[in-house]
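K.L.:
Got a file for you: model_1.pdb, PDB, N, CA and C atoms.
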ATOM      1  N   MET D   1     120.676 156.309 160.005  1.00  0.00           N
ATOM      2  CA  MET D   1     119.349 156.703 159.576  1.00  0.00           C
ATOM      3  C   MET D   1     118.276 155.816 160.217  1.00  0.00           C
ATOM      4  N   GLU D   2     118.578 154.532 160.363  1.00  0.00           N
ATOM      5  CA  GLU D   2     117.618 153.620 160.960  1.00  0.00           C
ATOM      6  C   GLU D   2     117.360 153.972 162.419  1.00  0.00           C
ATOM      7  N   LEU D   3     118.380 154.427 163.116  1.00  0.00           N
ATOM      8  CA  LEU D   3     118.230 154.834 164.513  1.00  0.00           C
ATOM      9  C   LEU D   3     117.280 156.022 164.627  1.00  0.00           C
ATOM     10  N   ILE D   4     117.412 156.975 163.738  1.00  0.00           N
ATOM     11  CA  ILE D   4     116.548 158.158 163.758  1.00  0.00           C
ATOM     12  C   ILE D   4     115.091 157.757 163.524  1.00  0.00           C
ATOM     13  N   ILE D   5     114.880 156.847 162.592  1.00  0.00           N
ATOM     14  CA  ILE D   5     113.519 156.387 162.307  1.00  0.00           C
ATOM     15  C   ILE D   5     112.938 155.647 163.507  1.00  0.00           C
ATOM     16  N   ASN D   6     113.741 154.805 164.142  1.00  0.00           N
ATOM     17  CA  ASN D   6     113.269 154.070 165.323  1.00  0.00           C
ATOM     18  C   ASN D   6     112.928 155.012 166.471  1.00  0.00           C
ATOM     19  N   VAL D   7     113.775 156.001 166.707  1.00  0.00           N
ATOM     20  CA  VAL D   7     113.501 156.971 167.773  1.00  0.00           C
ATOM     21  C   VAL D   7     112.225 157.744 167.468  1.00  0.00           C
ATOM     22  N   PHE D   8     112.047 158.137 166.211  1.00  0.00           N
ATOM     23  CA  PHE D   8     110.845 158.861 165.811  1.00  0.00           C
ATOM     24  C   PHE D   8     109.597 158.002 166.019  1.00  0.00           C
ATOM     25  N   LEU D   9     109.656 156.737 165.625  1.00  0.00           N
ATOM     26  CA  LEU D   9     108.498 155.856 165.772  1.00  0.00           C
ATOM     27  C   LEU D   9     108.174 155.573 167.234  1.00  0.00           C
ATOM     28  N   ILE D  10     109.192 155.445 168.057  1.00  0.00           N
ATOM     29  CA  ILE D  10     108.958 155.248 169.497  1.00  0.00           C
ATOM     30  C   ILE D  10     108.319 156.495 170.097  1.00  0.00           C
ATOM     31  N   ALA D  11     108.833 157.668 169.735  1.00  0.00           N
ATOM     32  CA  ALA D  11     108.256 158.919 170.245  1.00  0.00           C
ATOM     33  C   ALA D  11     106.812 159.079 169.774  1.00  0.00           C
ATOM     34  N   LEU D  12     106.545 158.745 168.535  1.00  0.00           N
ATOM     35  CA  LEU D  12     105.183 158.833 168.010  1.00  0.00           C
ATOM     36  C   LEU D  12     104.256 157.855 168.722  1.00  0.00           C
ATOM     37  N   GLY D  13     104.754 156.665 168.991  1.00  0.00           N
ATOM     38  CA  GLY D  13     103.969 155.676 169.735  1.00  0.00           C
ATOM     39  C   GLY D  13     103.663 156.133 171.150  1.00  0.00           C
ATOM     40  N   LEU D  14     104.654 156.738 171.816  1.00  0.00           N
ATOM     41  CA  LEU D  14     104.417 157.272 173.161  1.00  0.00           C
ATOM     42  C   LEU D  14     103.401 158.406 173.146  1.00  0.00           C
ATOM     43  N   TYR D  15     103.509 159.276 172.144  1.00  0.00           N
ATOM     44  CA  TYR D  15     102.588 160.400 172.020  1.00  0.00           C
ATOM     45  C   TYR D  15     101.149 159.899 171.887  1.00  0.00           C
ATOM     46  N   PHE D  16     100.937 158.958 170.979  1.00  0.00           N
ATOM     47  CA  PHE D  16      99.584 158.466 170.779  1.00  0.00           C
ATOM     48  C   PHE D  16      99.134 157.535 171.898  1.00  0.00           C
ATOM     49  N   GLY D  17     100.053 156.852 172.551  1.00  0.00           N
ATOM     50  CA  GLY D  17      99.693 156.043 173.711  1.00  0.00           C
ATOM     51  C   GLY D  17      99.199 156.905 174.864  1.00  0.00           C
ATOM     52  N   LEU D  18      99.936 157.975 175.141  1.00  0.00           N
ATOM     53  CA  LEU D  18      99.480 158.915 176.175  1.00  0.00           C
ATOM     54  C   LEU D  18      98.184 159.590 175.757  1.00  0.00           C
ATOM     55  N   GLY D  19      98.052 159.873 174.465  1.00  0.00           N
ATOM     56  CA  GLY D  19      96.819 160.462 173.954  1.00  0.00           C
ATOM     57  C   GLY D  19      95.634 159.542 174.135  1.00  0.00           C
ATOM     58  N   LEU D  20      95.847 158.250 173.961  1.00  0.00           N
ATOM     59  CA  LEU D  20      94.775 157.281 174.157  1.00  0.00           C
ATOM     60  C   LEU D  20      94.323 157.248 175.609  1.00  0.00           C
ATOM     61  N   ILE D  21      95.267 157.229 176.518  1.00  0.00           N
ATOM     62  CA  ILE D  21      94.934 157.218 177.951  1.00  0.00           C
ATOM     63  C   ILE D  21      94.222 158.512 178.338  1.00  0.00           C
ATOM     64  N   PHE D  22      94.774 159.654 177.914  1.00  0.00           N
ATOM     65  CA  PHE D  22      94.143 160.926 178.234  1.00  0.00           C
ATOM     66  C   PHE D  22      92.779 161.029 177.559  1.00  0.00           C
ATOM     67  N   GLY D  23      92.675 160.516 176.338  1.00  0.00           N
ATOM     68  CA  GLY D  23      91.413 160.586 175.597  1.00  0.00           C
ATOM     69  C   GLY D  23      90.281 159.874 176.311  1.00  0.00           C
ATOM     70  N   LEU D  24      90.566 158.725 176.883  1.00  0.00           N
ATOM     71  CA  LEU D  24      89.525 158.002 177.625  1.00  0.00           C
ATOM     72  C   LEU D  24      89.046 158.817 178.818  1.00  0.00           C
ATOM     73  N   TYR D  25      89.989 159.404 179.545  1.00  0.00           N
ATOM     74  CA  TYR D  25      89.602 160.252 180.677  1.00  0.00           C
ATOM     75  C   TYR D  25      88.824 161.480 180.200  1.00  0.00           C
ATOM     76  N   PHE D  26      89.343 162.137 179.177  1.00  0.00           N
ATOM     77  CA  PHE D  26      88.764 163.397 178.739  1.00  0.00           C
ATOM     78  C   PHE D  26      87.356 163.222 178.176  1.00  0.00           C
ATOM     79  N   VAL D  27      87.162 162.199 177.364  1.00  0.00           N
ATOM     80  CA  VAL D  27      85.867 162.021 176.709  1.00  0.00           C
ATOM     81  C   VAL D  27      84.769 161.753 177.722  1.00  0.00           C
ATOM     82  N   PHE D  28      85.053 160.989 178.768  1.00  0.00           N
ATOM     83  CA  PHE D  28      83.999 160.619 179.704  1.00  0.00           C
ATOM     84  C   PHE D  28      83.931 161.498 180.952  1.00  0.00           C
ATOM     85  N   ILE D  29      85.005 162.173 181.317  1.00  0.00           N
ATOM     86  CA  ILE D  29      85.002 162.979 182.545  1.00  0.00           C
ATOM     87  C   ILE D  29      85.412 164.426 182.282  1.00  0.00           C
ATOM     88  N   GLY D  30      86.548 164.617 181.638  1.00  0.00           N
ATOM     89  CA  GLY D  30      87.141 165.948 181.508  1.00  0.00           C
ATOM     90  C   GLY D  30      86.400 166.897 180.586  1.00  0.00           C
ATOM     91  N   ALA D  31      85.751 166.379 179.557  1.00  0.00           N
ATOM     92  CA  ALA D  31      85.091 167.253 178.580  1.00  0.00           C
ATOM     93  C   ALA D  31      83.958 168.047 179.211  1.00  0.00           C
ATOM     94  N   THR D  32      83.297 167.470 180.191  1.00  0.00           N
ATOM     95  CA  THR D  32      82.193 168.178 180.837  1.00  0.00           C
ATOM     96  C   THR D  32      82.691 169.354 181.671  1.00  0.00           C
ATOM     97  N   LYS D  33      83.961 169.329 182.053  1.00  0.00           N
ATOM     98  CA  LYS D  33      84.523 170.451 182.799  1.00  0.00           C
ATOM     99  C   LYS D  33      84.802 171.648 181.893  1.00  0.00           C
ATOM    100  N   LEU D  34      85.041 171.373 180.595  1.00  0.00           N
ATOM    101  CA  LEU D  34      85.310 172.454 179.650  1.00  0.00           C
ATOM    102  C   LEU D  34      84.048 172.947 178.956  1.00  0.00           C
ATOM    103  N   ASP D  35      83.114 172.051 178.714  1.00  0.00           N
ATOM    104  CA  ASP D  35      81.908 172.402 177.978  1.00  0.00           C
ATOM    105  C   ASP D  35      80.697 171.837 178.712  1.00  0.00           C
ATOM    106  N   SER D  36      79.911 172.707 179.291  1.00  0.00           N
ATOM    107  CA  SER D  36      78.766 172.260 180.095  1.00  0.00           C
ATOM    108  C   SER D  36      77.681 171.599 179.251  1.00  0.00           C
ATOM    109  N   PHE D  37      77.646 171.859 177.947  1.00  0.00           N
ATOM    110  CA  PHE D  37      76.636 171.239 177.088  1.00  0.00           C
ATOM    111  C   PHE D  37      76.876 169.736 176.924  1.00  0.00           C
ATOM    112  N   LEU D  38      78.086 169.282 177.152  1.00  0.00           N
ATOM    113  CA  LEU D  38      78.382 167.855 177.011  1.00  0.00           C
ATOM    114  C   LEU D  38      77.842 167.022 178.167  1.00  0.00           C
ATOM    115  N   LYS D  39      77.399 167.660 179.243  1.00  0.00           N
ATOM    116  CA  LYS D  39      76.838 166.904 180.362  1.00  0.00           C
ATOM    117  C   LYS D  39      75.577 166.164 179.946  1.00  0.00           C
ATOM    118  N   ASP D  40      74.815 166.748 179.049  1.00  0.00           N
ATOM    119  CA  ASP D  40      73.565 166.142 178.613  1.00  0.00           C
ATOM    120  C   ASP D  40      73.713 165.314 177.342  1.00  0.00           C
ATOM    121  N   SER D  41      74.910 165.226 176.785  1.00  0.00           N
ATOM    122  CA  SER D  41      75.094 164.505 175.531  1.00  0.00           C
ATOM    123  C   SER D  41      75.200 163.003 175.782  1.00  0.00           C
ATOM    124  N   LYS D  42      74.930 162.261 174.734  1.00  0.00           N
ATOM    125  CA  LYS D  42      75.039 160.804 174.820  1.00  0.00           C
ATOM    126  C   LYS D  42      76.502 160.396 174.677  1.00  0.00           C
ATOM    127  N   LYS D  43      76.797 159.184 175.114  1.00  0.00           N
ATOM    128  CA  LYS D  43      78.178 158.685 175.060  1.00  0.00           C
ATOM    129  C   LYS D  43      78.681 158.558 173.626  1.00  0.00           C
ATOM    130  N   MET D  44      77.795 158.248 172.684  1.00  0.00           N
ATOM    131  CA  MET D  44      78.213 158.108 171.284  1.00  0.00           C
ATOM    132  C   MET D  44      78.674 159.448 170.715  1.00  0.00           C
ATOM    133  N   VAL D  45      78.068 160.538 171.147  1.00  0.00           N
ATOM    134  CA  VAL D  45      78.496 161.860 170.698  1.00  0.00           C
ATOM    135  C   VAL D  45      79.901 162.144 171.210  1.00  0.00           C
ATOM    136  N   ARG D  46      80.144 161.762 172.428  1.00  0.00           N
ATOM    137  CA  ARG D  46      81.480 161.980 172.997  1.00  0.00           C
ATOM    138  C   ARG D  46      82.530 161.126 172.303  1.00  0.00           C
ATOM    139  N   LEU D  47      82.144 159.924 171.886  1.00  0.00           N
ATOM    140  CA  LEU D  47      83.097 159.065 171.188  1.00  0.00           C
ATOM    141  C   LEU D  47      83.503 159.649 169.840  1.00  0.00           C
ATOM    142  N   LEU D  48      82.677 160.493 169.255  1.00  0.00           N
ATOM    143  CA  LEU D  48      83.053 161.169 168.015  1.00  0.00           C
ATOM    144  C   LEU D  48      84.219 162.128 168.243  1.00  0.00           C
ATOM    145  N   LEU D  49      84.352 162.630 169.453  1.00  0.00           N
ATOM    146  CA  LEU D  49      85.453 163.530 169.794  1.00  0.00           C
ATOM    147  C   LEU D  49      86.767 162.792 170.022  1.00  0.00           C
ATOM    148  N   PHE D  50      86.692 161.495 170.247  1.00  0.00           N
ATOM    149  CA  PHE D  50      87.837 160.704 170.687  1.00  0.00           C
ATOM    150  C   PHE D  50      89.056 160.796 169.762  1.00  0.00           C
ATOM    151  N   PRO D  51      88.940 160.633 168.442  1.00  0.00           N
ATOM    152  CA  PRO D  51      90.142 160.726 167.597  1.00  0.00           C
ATOM    153  C   PRO D  51      90.817 162.101 167.649  1.00  0.00           C
ATOM    154  N   GLY D  52      90.023 163.143 167.697  1.00  0.00           N
ATOM    155  CA  GLY D  52      90.590 164.482 167.790  1.00  0.00           C
ATOM    156  C   GLY D  52      91.276 164.731 169.116  1.00  0.00           C
ATOM    157  N   VAL D  53      90.725 164.164 170.177  1.00  0.00           N
ATOM    158  CA  VAL D  53      91.329 164.307 171.498  1.00  0.00           C
ATOM    159  C   VAL D  53      92.676 163.595 171.540  1.00  0.00           C
ATOM    160  N   ILE D  54      92.759 162.434 170.931  1.00  0.00           N
ATOM    161  CA  ILE D  54      94.025 161.694 170.903  1.00  0.00           C
ATOM    162  C   ILE D  54      95.099 162.512 170.189  1.00  0.00           C
ATOM    163  N   ALA D  55      94.719 163.162 169.102  1.00  0.00           N
ATOM    164  CA  ALA D  55      95.700 163.916 168.318  1.00  0.00           C
ATOM    165  C   ALA D  55      96.126 165.213 168.988  1.00  0.00           C
ATOM    166  N   THR D  56      95.241 165.831 169.747  1.00  0.00           N
ATOM    167  CA  THR D  56      95.518 167.158 170.309  1.00  0.00           C
ATOM    168  C   THR D  56      95.567 167.152 171.835  1.00  0.00           C
ATOM    169  N   TRP D  57      95.908 166.023 172.436  1.00  0.00           N
ATOM    170  CA  TRP D  57      95.827 165.907 173.879  1.00  0.00           C
ATOM    171  C   TRP D  57      96.688 166.890 174.657  1.00  0.00           C
ATOM    172  N   PRO D  58      97.884 167.295 174.206  1.00  0.00           N
ATOM    173  CA  PRO D  58      98.646 168.250 175.039  1.00  0.00           C
ATOM    174  C   PRO D  58      97.928 169.596 175.204  1.00  0.00           C
ATOM    175  N   PHE D  59      97.271 170.058 174.159  1.00  0.00           N
ATOM    176  CA  PHE D  59      96.546 171.328 174.234  1.00  0.00           C
ATOM    177  C   PHE D  59      95.333 171.221 175.143  1.00  0.00           C
ATOM    178  N   LEU D  60      94.619 170.103 175.034  1.00  0.00           N
ATOM    179  CA  LEU D  60      93.436 169.908 175.874  1.00  0.00           C
ATOM    180  C   LEU D  60      93.822 169.699 177.333  1.00  0.00           C
ATOM    181  N   LEU D  61      94.945 169.033 177.574  1.00  0.00           N
ATOM    182  CA  LEU D  61      95.415 168.851 178.949  1.00  0.00           C
ATOM    183  C   LEU D  61      95.742 170.201 179.575  1.00  0.00           C
ATOM    184  N   ARG D  62      96.430 171.054 178.830  1.00  0.00           N
ATOM    185  CA  ARG D  62      96.765 172.380 179.343  1.00  0.00           C
ATOM    186  C   ARG D  62      95.494 173.187 179.638  1.00  0.00           C
ATOM    187  N   LYS D  63      94.530 173.122 178.730  1.00  0.00           N
ATOM    188  CA  LYS D  63      93.281 173.854 178.927  1.00  0.00           C
ATOM    189  C   LYS D  63      92.504 173.303 180.128  1.00  0.00           C
ATOM    190  N   LEU D  64      92.500 171.997 180.271  1.00  0.00           N
ATOM    191  CA  LEU D  64      91.811 171.373 181.394  1.00  0.00           C
ATOM    192  C   LEU D  64      92.469 171.738 182.716  1.00  0.00           C
ATOM    193  N   LEU D  65      93.801 171.750 182.758  1.00  0.00           N
ATOM    194  CA  LEU D  65      94.499 172.119 183.995  1.00  0.00           C
ATOM    195  C   LEU D  65      94.284 173.588 184.330  1.00  0.00           C
ATOM    196  N   ASN D  66      94.250 174.468 183.321  1.00  0.00           N
ATOM    197  CA  ASN D  66      93.984 175.881 183.573  1.00  0.00           C
ATOM    198  C   ASN D  66      92.571 176.096 184.082  1.00  0.00           C
ATOM    199  N   THR D  67      91.631 175.328 183.583  1.00  0.00           N
ATOM    200  CA  THR D  67      90.237 175.442 184.039  1.00  0.00           C
ATOM    201  C   THR D  67      90.113 175.002 185.492  1.00  0.00           C
ATOM    202  N   GLU D  68      90.804 173.922 185.857  1.00  0.00           N
ATOM    203  CA  GLU D  68      90.741 173.432 187.234  1.00  0.00           C
ATOM    204  C   GLU D  68      91.405 174.399 188.193  1.00  0.00           C
ATOM    205  N   GLN D  69      92.462 175.091 187.770  1.00  0.00           N
ATOM    206  CA  GLN D  69      93.122 176.072 188.633  1.00  0.00           C
ATOM    207  C   GLN D  69      92.251 177.300 188.821  1.00  0.00           C
ATOM    208  N   ASP D  70      91.511 177.688 187.786  1.00  0.00           N
ATOM    209  CA  ASP D  70      90.626 178.849 187.888  1.00  0.00           C
ATOM    210  C   ASP D  70      89.465 178.586 188.839  1.00  0.00           C
ATOM    211  N   ASP D  71      89.041 177.305 188.937  1.00  0.00           N
ATOM    212  CA  ASP D  71      87.934 176.967 189.823  1.00  0.00           C
ATOM    213  C   ASP D  71      88.355 176.979 191.291  1.00  0.00           C
ATOM    214  N   SER D  72      89.645 176.828 191.568  1.00  0.00           N
ATOM    215  CA  SER D  72      90.132 176.758 192.960  1.00  0.00           C
ATOM    216  C   SER D  72      90.084 178.098 193.637  1.00  0.00           C
TER
END
Please express the file's structure as structure tokens.

P.N.:
Amino acid sequence: MELIINVFLIALGLYFGLGLIFGLYFVFIGATKLDSFLKDSKKMVRLLLFPGVIATWPFLLRKLLNTEQDDS
């Protein structure tokens, strides 16, 4: 049982670690590619999005990659 808990905690840590890295990129660069209104927003407004981006980063990454492919 302890092994299962350790594996779960490591996976959760990796998920949120990758979310943190992606969140920094997304909040300051990637969000403007999805929503043009964020180009004129202040940095503090974007930081409000940061916790949600960390939690939902796989969905936002997929949406961001689809948007970049559509622009090509």

K.L.:
Name the residues that the PyMOL selection byres (((chain D and resi 29-45 and name CA) around 10) and name CA) picks from the file above, as a PDB file with N, CA and C atoms, in the frame of the given file, using the file's chain letters and numbers.

P.N.:
ATOM      1  N   PHE D  22      94.774 159.654 177.914  1.00  0.00           N
ATOM      2  CA  PHE D  22      94.143 160.926 178.234  1.00  0.00           C
ATOM      3  C   PHE D  22      92.779 161.029 177.559  1.00  0.00           C
ATOM      4  N   GLY D  23      92.675 160.516 176.338  1.00  0.00           N
ATOM      5  CA  GLY D  23      91.413 160.586 175.597  1.00  0.00           C
ATOM      6  C   GLY D  23      90.281 159.874 176.311  1.00  0.00           C
ATOM      7  N   LEU D  24      90.566 158.725 176.883  1.00  0.00           N
ATOM      8  CA  LEU D  24      89.525 158.002 177.625  1.00  0.00           C
ATOM      9  C   LEU D  24      89.046 158.817 178.818  1.00  0.00           C
ATOM     10  N   TYR D  25      89.989 159.404 179.545  1.00  0.00           N
ATOM     11  CA  TYR D  25      89.602 160.252 180.677  1.00  0.00           C
ATOM     12  C   TYR D  25      88.824 161.480 180.200  1.00  0.00           C
ATOM     13  N   PHE D  26      89.343 162.137 179.177  1.00  0.00           N
ATOM     14  CA  PHE D  26      88.764 163.397 178.739  1.00  0.00           C
ATOM     15  C   PHE D  26      87.356 163.222 178.176  1.00  0.00           C
ATOM     16  N   VAL D  27      87.162 162.199 177.364  1.00  0.00           N
ATOM     17  CA  VAL D  27      85.867 162.021 176.709  1.00  0.00           C
ATOM     18  C   VAL D  27      84.769 161.753 177.722  1.00  0.00           C
ATOM     19  N   PHE D  28      85.053 160.989 178.768  1.00  0.00           N
ATOM     20  CA  PHE D  28      83.999 160.619 179.704  1.00  0.00           C
ATOM     21  C   PHE D  28      83.931 161.498 180.952  1.00  0.00           C
ATOM     22  N   ARG D  46      80.144 161.762 172.428  1.00  0.00           N
ATOM     23  CA  ARG D  46      81.480 161.980 172.997  1.00  0.00           C
ATOM     24  C   ARG D  46      82.530 161.126 172.303  1.00  0.00           C
ATOM     25  N   LEU D  47      82.144 159.924 171.886  1.00  0.00           N
ATOM     26  CA  LEU D  47      83.097 159.065 171.188  1.00  0.00           C
ATOM     27  C   LEU D  47      83.503 159.649 169.840  1.00  0.00           C
ATOM     28  N   LEU D  48      82.677 160.493 169.255  1.00  0.00           N
ATOM     29  CA  LEU D  48      83.053 161.169 168.015  1.00  0.00           C
ATOM     30  C   LEU D  48      84.219 162.128 168.243  1.00  0.00           C
ATOM     31  N   LEU D  49      84.352 162.630 169.453  1.00  0.00           N
ATOM     32  CA  LEU D  49      85.453 163.530 169.794  1.00  0.00           C
ATOM     33  C   LEU D  49      86.767 162.792 170.022  1.00  0.00           C
ATOM     34  N   PHE D  50      86.692 161.495 170.247  1.00  0.00           N
ATOM     35  CA  PHE D  50      87.837 160.704 170.687  1.00  0.00           C
ATOM     36  C   PHE D  50      89.056 160.796 169.762  1.00  0.00           C
ATOM     37  N   VAL D  53      90.725 164.164 170.177  1.00  0.00           N
ATOM     38  CA  VAL D  53      91.329 164.307 171.498  1.00  0.00           C
ATOM     39  C   VAL D  53      92.676 163.595 171.540  1.00  0.00           C
ATOM     40  N   LEU D  60      94.619 170.103 175.034  1.00  0.00           N
ATOM     41  CA  LEU D  60      93.436 169.908 175.874  1.00  0.00           C
ATOM     42  C   LEU D  60      93.822 169.699 177.333  1.00  0.00           C
ATOM     43  N   LEU D  61      94.945 169.033 177.574  1.00  0.00           N
ATOM     44  CA  LEU D  61      95.415 168.851 178.949  1.00  0.00           C
ATOM     45  C   LEU D  61      95.742 170.201 179.575  1.00  0.00           C
ATOM     46  N   LYS D  63      94.530 173.122 178.730  1.00  0.00           N
ATOM     47  CA  LYS D  63      93.281 173.854 178.927  1.00  0.00           C
ATOM     48  C   LYS D  63      92.504 173.303 180.128  1.00  0.00           C
ATOM     49  N   LEU D  64      92.500 171.997 180.271  1.00  0.00           N
ATOM     50  CA  LEU D  64      91.811 171.373 181.394  1.00  0.00           C
ATOM     51  C   LEU D  64      92.469 171.738 182.716  1.00  0.00           C
ATOM     52  N   LEU D  65      93.801 171.750 182.758  1.00  0.00           N
ATOM     53  CA  LEU D  65      94.499 172.119 183.995  1.00  0.00           C
ATOM     54  C   LEU D  65      94.284 173.588 184.330  1.00  0.00           C
ATOM     55  N   THR D  67      91.631 175.328 183.583  1.00  0.00           N
ATOM     56  CA  THR D  67      90.237 175.442 184.039  1.00  0.00           C
ATOM     57  C   THR D  67      90.113 175.002 185.492  1.00  0.00           C
ATOM     58  N   GLU D  68      90.804 173.922 185.857  1.00  0.00           N
ATOM     59  CA  GLU D  68      90.741 173.432 187.234  1.00  0.00           C
ATOM     60  C   GLU D  68      91.405 174.399 188.193  1.00  0.00           C
TER      61      GLU D  68
END

K.L.:
For a test of reading the model, state the distance in Å between atom N of Ala55 in chain D and atom N of Asp70 in chain D, rounded to one decimal.

P.N.:
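Separation of atom N of Ala55 in chain D and atom N of Asp70 in chain D: 23.9 Å.
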
K.L.:
One number please: atom N of Trp57 in chain D to CA of Tyr15 in chain D, in Å, one decimal.

P.N.:
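So the answer is 8.7 Å.
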
K.L.:
DSSP on the backbone: what in chain D comes out alpha helix (DSSP H), as number ranges by chain?

P.N.:
D: 2-25, 31-34, 43-55, 57-71

K.L.:
CA of Glu2 in chain D and CA of Ile54 in chain D, how far apart in Å?

P.N.:
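Computing it gives 26.8 Å between the two atoms.
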
K.L.:
Find the axis-aligned box for range 35-39 of chain D, covering all its listed atoms and adding 6 Å on each side, and write its centre and edge lengths in Å to one decimal as lines of an AutoDock Vina configuration file.

P.N.:
center_x = 79.3
center_y = 169.4
center_z = 178.6
size_x = 19.5
size_y = 18.5
size_z = 15.4
